[in-house]
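> File upload.cif below, mmCIF, C-alpha atoms:
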data_start
loop_
_atom_site.group_PDB
_atom_site.id
_atom_site.type_symbol
_atom_site.label_atom_id
_atom_site.label_comp_id
_atom_site.auth_asym_id
_atom_site.auth_seq_id
_atom_site.Cartn_x
_atom_site.Cartn_y
_atom_site.Cartn_z
ATOM 1 C CA MET O 1 -52.455 -34.019 56.331
ATOM 2 C CA SER O 2 -52.222 -30.742 54.518
ATOM 3 C CA THR O 3 -51.123 -27.323 55.680
ATOM 4 C CA SER O 4 -53.466 -24.370 56.027
ATOM 5 C CA PRO O 5 -52.455 -20.882 54.825
ATOM 6 C CA SER O 6 -51.451 -20.069 58.400
ATOM 7 C CA GLY O 7 -49.041 -23.026 58.385
ATOM 8 C CA THR O 8 -50.943 -25.262 60.819
ATOM 9 C CA ALA O 9 -51.588 -28.909 60.045
ATOM 10 C CA VAL O 10 -55.133 -29.696 58.904
ATOM 11 C CA ALA O 11 -56.596 -33.193 58.690
ATOM 12 C CA ASP O 12 -57.905 -34.056 55.236
ATOM 13 C CA ALA O 13 -60.205 -36.827 56.478
ATOM 14 C CA ALA O 14 -63.145 -36.667 58.885
ATOM 15 C CA VAL O 15 -62.051 -36.488 62.531
ATOM 16 C CA ALA O 16 -64.343 -37.573 65.366
ATOM 17 C CA HIS O 17 -63.960 -35.570 68.548
ATOM 18 C CA ARG O 18 -64.814 -36.705 72.064
ATOM 19 C CA SER O 19 -67.914 -34.531 71.974
ATOM 20 C CA GLY O 20 -69.224 -36.617 69.093
ATOM 21 C CA THR O 21 -69.029 -33.696 66.673
ATOM 22 C CA VAL O 22 -67.589 -34.608 63.302
ATOM 23 C CA HIS O 23 -65.554 -32.195 61.199
ATOM 24 C CA ASP O 24 -65.931 -33.314 57.577
ATOM 25 C CA THR O 25 -63.593 -30.734 56.112
ATOM 26 C CA PRO O 26 -61.585 -27.995 57.768
ATOM 27 C CA GLY O 27 -63.899 -25.299 59.072
ATOM 28 C CA THR O 28 -67.173 -27.254 58.741
ATOM 29 C CA VAL O 29 -69.105 -29.162 61.365
ATOM 30 C CA SER O 30 -71.838 -31.720 60.831
ATOM 31 C CA ALA O 31 -74.235 -33.192 63.362
ATOM 32 C CA PRO O 32 -73.014 -36.090 65.467
ATOM 33 C CA ALA O 33 -74.020 -39.557 64.384
ATOM 34 C CA PRO O 34 -77.074 -40.831 66.266
ATOM 35 C CA ALA O 35 -76.204 -43.110 69.174
ATOM 36 C CA ARG O 36 -77.304 -46.720 68.970
ATOM 37 C CA ALA O 37 -79.673 -47.875 71.668
ATOM 38 C CA PHE O 38 -77.930 -50.055 74.242
ATOM 39 C CA ASP O 39 -79.854 -53.187 75.206
ATOM 40 C CA ALA O 40 -78.411 -54.662 78.402
ATOM 41 C CA SER O 41 -80.464 -57.842 77.928
ATOM 42 C CA LEU O 42 -78.350 -58.828 74.906
ATOM 43 C CA PRO O 43 -75.096 -60.812 75.040
ATOM 44 C CA TRP O 44 -72.105 -58.451 74.677
ATOM 45 C CA GLU O 45 -68.355 -58.937 74.361
ATOM 46 C CA LEU O 46 -65.183 -56.915 74.206
ATOM 47 C CA SER O 47 -64.300 -56.143 70.609
ATOM 48 C CA PRO O 48 -61.418 -58.343 69.426
ATOM 49 C CA GLN O 49 -59.596 -55.171 68.350
ATOM 50 C CA VAL O 50 -59.603 -53.780 71.908
ATOM 51 C CA SER O 51 -56.926 -54.235 74.509
ATOM 52 C CA LEU O 52 -57.527 -53.495 78.200
ATOM 53 C CA ARG O 53 -54.761 -52.270 80.499
ATOM 54 C CA PRO O 54 -55.759 -52.380 84.165
ATOM 55 C CA GLU O 55 -54.924 -49.273 86.187
ATOM 56 C CA SER O 56 -55.596 -48.233 89.779
ATOM 57 C CA PHE O 57 -58.602 -46.164 88.654
ATOM 58 C CA GLY O 58 -60.045 -48.912 86.417
ATOM 59 C CA ALA O 59 -58.456 -49.424 83.002
ATOM 60 C CA LEU O 60 -57.367 -47.987 79.705
ATOM 61 C CA ALA O 61 -59.125 -49.452 76.668
ATOM 62 C CA TYR O 62 -57.392 -49.054 73.318
ATOM 63 C CA HIS O 63 -59.114 -49.872 70.026
ATOM 64 C CA PHE O 64 -56.480 -50.823 67.444
ATOM 65 C CA GLY O 65 -58.872 -50.297 64.524
ATOM 66 C CA THR O 66 -60.001 -46.783 65.376
ATOM 67 C CA ARG O 67 -56.944 -45.871 67.481
ATOM 68 C CA ARG O 68 -59.346 -44.595 70.123
ATOM 69 C CA LEU O 69 -58.354 -44.600 73.788
ATOM 70 C CA SER O 70 -61.067 -44.796 76.449
ATOM 71 C CA PHE O 71 -60.865 -44.719 80.213
ATOM 72 C CA LEU O 72 -62.828 -47.156 82.343
ATOM 73 C CA LYS O 73 -63.120 -45.057 85.476
ATOM 74 C CA SER O 74 -63.930 -47.873 87.881
ATOM 75 C CA PRO O 75 -62.400 -51.254 88.707
ATOM 76 C CA VAL O 76 -65.968 -52.585 88.903
ATOM 77 C CA LEU O 77 -66.635 -51.395 85.340
ATOM 78 C CA LEU O 78 -63.484 -53.234 84.275
ATOM 79 C CA ASP O 79 -64.845 -56.392 85.930
ATOM 80 C CA VAL O 80 -68.142 -55.944 84.076
ATOM 81 C CA VAL O 81 -66.449 -55.454 80.707
ATOM 82 C CA ARG O 82 -64.137 -58.427 81.218
ATOM 83 C CA SER O 83 -67.044 -60.718 82.079
ATOM 84 C CA LEU O 84 -69.341 -59.693 79.198
ATOM 85 C CA GLY O 85 -68.137 -62.467 76.893
ATOM 86 C CA ASP O 86 -68.764 -65.179 79.474
ATOM 87 C CA LEU O 87 -72.269 -64.237 80.579
ATOM 88 C CA PRO O 88 -75.637 -64.312 78.773
ATOM 89 C CA SER O 89 -76.212 -60.539 79.009
ATOM 90 C CA ALA O 90 -74.873 -57.234 80.267
ATOM 91 C CA VAL O 91 -77.542 -57.404 82.990
ATOM 92 C CA GLU O 92 -75.944 -60.626 84.241
ATOM 93 C CA ALA O 93 -72.462 -59.080 84.037
ATOM 94 C CA LEU O 94 -73.632 -56.147 86.178
ATOM 95 C CA ARG O 95 -75.250 -58.521 88.657
ATOM 96 C CA GLU O 96 -72.172 -60.793 88.770
ATOM 97 C CA ALA O 97 -69.895 -57.775 89.440
ATOM 98 C CA GLY O 98 -72.099 -56.748 92.355
ATOM 99 C CA VAL O 99 -73.278 -53.439 90.900
ATOM 100 C CA PRO O 100 -76.036 -52.150 93.218
ATOM 101 C CA ALA O 101 -79.458 -51.586 91.625
ATOM 102 C CA ASP O 102 -79.253 -47.831 92.257
ATOM 103 C CA GLN O 103 -76.012 -47.647 90.209
ATOM 104 C CA ARG O 104 -77.045 -49.867 87.296
ATOM 105 C CA GLU O 105 -78.308 -46.989 85.159
ATOM 106 C CA ALA O 106 -74.933 -45.218 85.388
ATOM 107 C CA PHE O 107 -73.094 -48.438 84.510
ATOM 108 C CA GLU O 108 -75.447 -49.064 81.579
ATOM 109 C CA ARG O 109 -74.704 -45.540 80.305
ATOM 110 C CA ALA O 110 -70.976 -46.332 80.510
ATOM 111 C CA LEU O 111 -71.533 -49.575 78.601
ATOM 112 C CA ALA O 112 -73.628 -47.710 76.012
ATOM 113 C CA THR O 113 -70.728 -45.308 75.469
ATOM 114 C CA LEU O 114 -68.359 -48.248 75.015
ATOM 115 C CA ALA O 115 -70.805 -49.768 72.517
ATOM 116 C CA ASP O 116 -71.112 -46.481 70.605
ATOM 117 C CA THR O 117 -67.326 -46.357 70.255
ATOM 118 C CA ASP O 118 -67.075 -50.041 69.216
ATOM 119 C CA MET O 119 -65.131 -51.000 72.338
ATOM 120 C CA ILE O 120 -67.794 -53.626 73.038
ATOM 121 C CA ARG O 121 -70.140 -55.278 70.579
ATOM 122 C CA VAL O 122 -73.149 -57.571 70.563
ATOM 123 C CA ARG O 123 -71.899 -61.134 70.744
ATOM 124 C CA GLU O 124 -72.886 -63.305 67.820
ATOM 125 C CA ALA O 125 -74.570 -66.640 68.501
ATOM 126 C CA THR O 126 -72.148 -69.540 68.155
#
Show me the file's structure as structure tokens.

Amino acid sequence: MSTSPSGTAVADAAVAHRSGTVHDTPGTVSAPAPARAFDASLPWELSPQVSLRPESFGALAYHFGTRRLSFLKSPVLLDVVRSLGDLPSAVEALREAGVPADQREAFERALATLADTDMIRVREAT
């Protein structure tokens, strides 16, 4: 951290904001990094650097590597995320959790966001 002429703290390193905008240096903005395509047919797992804390609304997910905190806004989404490592694909995890077909797209978007923030990752073949 350094201090600006006005006395406020300024981060010296790049800071990612929730909007996806990255500030490379104080006062400059670069385009957000392109999102990776999420393929629900692949095997996924919770990143080993992520801890889940169940809550009444769903869960808090904390990534110890990036220090990012995410909210899983549904207990069903928590069930999906927890089961990813045990099932052959995210599609199967959604099916196993009982996500209705008309809600699958919304759940896949939530999983894509978790993948983009490295909360979940493609599971390597063992």
> So, with only C-alpha atoms as the atoms that count, which of O:Trp44, O:Gln103, O:Ser74, O:Ala90 lies closest to O:Ala125?
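Looking only at the distances to O:Ala125, the closest residue turns out to be O:Trp44.
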> How far is it from atom CA of O:Ala37 to atom CA of O:Arg67, in Å with one decimal?
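Distance between the two atoms: 23.2 Å.
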> Hey, what comes out of the PyMOL selection byres ((chain O and resi 114) around 10) on this file? Could you write it as a list in words?
Phe38, Leu46, Ser47, Ala61, Ser70, Phe71, Leu72, Val81, Glu108, Arg109, Ala110, Leu111, Ala112, Thr113, Ala115, Asp116, Thr117, Asp118, Met119, Ile120 and Arg121 of chain O
> Residues near O:Pro54, anyone? I mean within 12 Å using all atoms listed in the file, not counting same-chain ones fewer than 3 positions away, as a list in words.
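Counting only the stated atoms, we get Ser51, Phe57, Gly58, Ala59, Leu60, Ala61, Tyr62, Phe71, Leu72, Lys73, Ser74, Pro75, Val76, Leu77, Leu78, Asp79, Val81 and Arg82 of chain O.
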> Could you work out how far atom CA of O:Thr66 lies from atom CA of O:Arg104, giving the answer in Å with one decimal?
27.9 Å
> Apply the PyMOL selection byres ((chain O and resi 89) around 9) to the structure shown and report the selected residues as a PDB file with C-alpha atoms, in the coordinates of the input.

ATOM      1  CA  ALA O  40     -78.411 -54.662  78.402  1.00  0.00           C
ATOM      2  CA  SER O  41     -80.464 -57.842  77.928  1.00  0.00           C
ATOM      3  CA  LEU O  42     -78.350 -58.828  74.906  1.00  0.00           C
ATOM      4  CA  PRO O  43     -75.096 -60.812  75.040  1.00  0.00           C
ATOM      5  CA  TRP O  44     -72.105 -58.451  74.677  1.00  0.00           C
ATOM      6  CA  LEU O  84     -69.341 -59.693  79.198  1.00  0.00           C
ATOM      7  CA  GLY O  85     -68.137 -62.467  76.893  1.00  0.00           C
ATOM      8  CA  ASP O  86     -68.764 -65.179  79.474  1.00  0.00           C
ATOM      9  CA  LEU O  87     -72.269 -64.237  80.579  1.00  0.00           C
ATOM     10  CA  PRO O  88     -75.637 -64.312  78.773  1.00  0.00           C
ATOM     11  CA  ALA O  90     -74.873 -57.234  80.267  1.00  0.00           C
ATOM     12  CA  VAL O  91     -77.542 -57.404  82.990  1.00  0.00           C
ATOM     13  CA  GLU O  92     -75.944 -60.626  84.241  1.00  0.00           C
ATOM     14  CA  ALA O  93     -72.462 -59.080  84.037  1.00  0.00           C
ATOM     15  CA  LEU O  94     -73.632 -56.147  86.178  1.00  0.00           C
TER      16      LEU O  94
END
> Exactly which residues make up the result of the PyMOL selection byres ((chain O and resi 49) around 7) on this file, given as a VMD selection string?
chain O and resid 47 to 48 50 to 51 63 to 65
> Please, what distance in Å, to one decimal, runs between atom CA of O:Asp39 and atom CA of O:Arg123?
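Taking atom CA of O:Asp39 as the start and atom CA of O:Arg123 as the end point, the length is 12.1 Å.
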> Please fill the gaps in stretch 71-90 of chain O so it has N, CA and C atoms, and write that as a tab-separated table (two decimals), keeping the file's coordinate frame.

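result-v9.tsv, freshly written:
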chain	number	residue	atom	x	y	z
O	71	PHE	N	-61.17	-44.47	78.82
O	71	PHE	CA	-60.86	-44.72	80.21
O	71	PHE	C	-62.06	-45.40	80.87
O	72	LEU	N	-61.81	-46.53	81.51
O	72	LEU	CA	-62.83	-47.16	82.34
O	72	LEU	C	-62.53	-46.65	83.75
O	73	LYS	N	-63.41	-45.81	84.26
O	73	LYS	CA	-63.12	-45.06	85.48
O	73	LYS	C	-63.46	-45.79	86.76
O	74	SER	N	-63.57	-47.10	86.70
O	74	SER	CA	-63.93	-47.87	87.88
O	74	SER	C	-63.42	-49.30	87.73
O	75	PRO	N	-62.78	-49.84	88.77
O	75	PRO	CA	-62.40	-51.25	88.71
O	75	PRO	C	-63.61	-52.17	88.53
O	76	VAL	N	-64.75	-51.77	89.06
O	76	VAL	CA	-65.97	-52.58	88.90
O	76	VAL	C	-66.40	-52.59	87.44
O	77	LEU	N	-66.30	-51.45	86.77
O	77	LEU	CA	-66.64	-51.40	85.34
O	77	LEU	C	-65.69	-52.30	84.56
O	78	LEU	N	-64.43	-52.33	84.92
O	78	LEU	CA	-63.48	-53.23	84.28
O	78	LEU	C	-63.93	-54.68	84.47
O	79	ASP	N	-64.35	-55.04	85.67
O	79	ASP	CA	-64.84	-56.39	85.93
O	79	ASP	C	-66.05	-56.71	85.05
O	80	VAL	N	-66.95	-55.75	84.91
O	80	VAL	CA	-68.14	-55.94	84.08
O	80	VAL	C	-67.73	-56.19	82.63
O	81	VAL	N	-66.87	-55.34	82.11
O	81	VAL	CA	-66.45	-55.45	80.71
O	81	VAL	C	-65.73	-56.78	80.46
O	82	ARG	N	-64.86	-57.16	81.37
O	82	ARG	CA	-64.14	-58.43	81.22
O	82	ARG	C	-65.07	-59.64	81.22
O	83	SER	N	-66.15	-59.56	81.96
O	83	SER	CA	-67.04	-60.72	82.08
O	83	SER	C	-68.12	-60.78	81.00
O	84	LEU	N	-68.27	-59.73	80.20
O	84	LEU	CA	-69.34	-59.69	79.20
O	84	LEU	C	-69.35	-60.92	78.29
O	85	GLY	N	-68.20	-61.36	77.83
O	85	GLY	CA	-68.14	-62.47	76.89
O	85	GLY	C	-68.49	-63.82	77.49
O	86	ASP	N	-68.50	-63.90	78.81
O	86	ASP	CA	-68.76	-65.18	79.47
O	86	ASP	C	-70.18	-65.31	80.02
O	87	LEU	N	-70.93	-64.24	79.97
O	87	LEU	CA	-72.27	-64.24	80.58
O	87	LEU	C	-73.34	-63.99	79.52
O	88	PRO	N	-74.58	-64.40	79.79
O	88	PRO	CA	-75.64	-64.31	78.77
O	88	PRO	C	-76.10	-62.89	78.44
O	89	SER	N	-75.77	-61.91	79.29
O	89	SER	CA	-76.21	-60.54	79.01
O	89	SER	C	-75.40	-59.55	79.83
O	90	ALA	N	-75.51	-58.29	79.47
O	90	ALA	CA	-74.87	-57.23	80.27
O	90	ALA	C	-75.54	-57.13	81.64
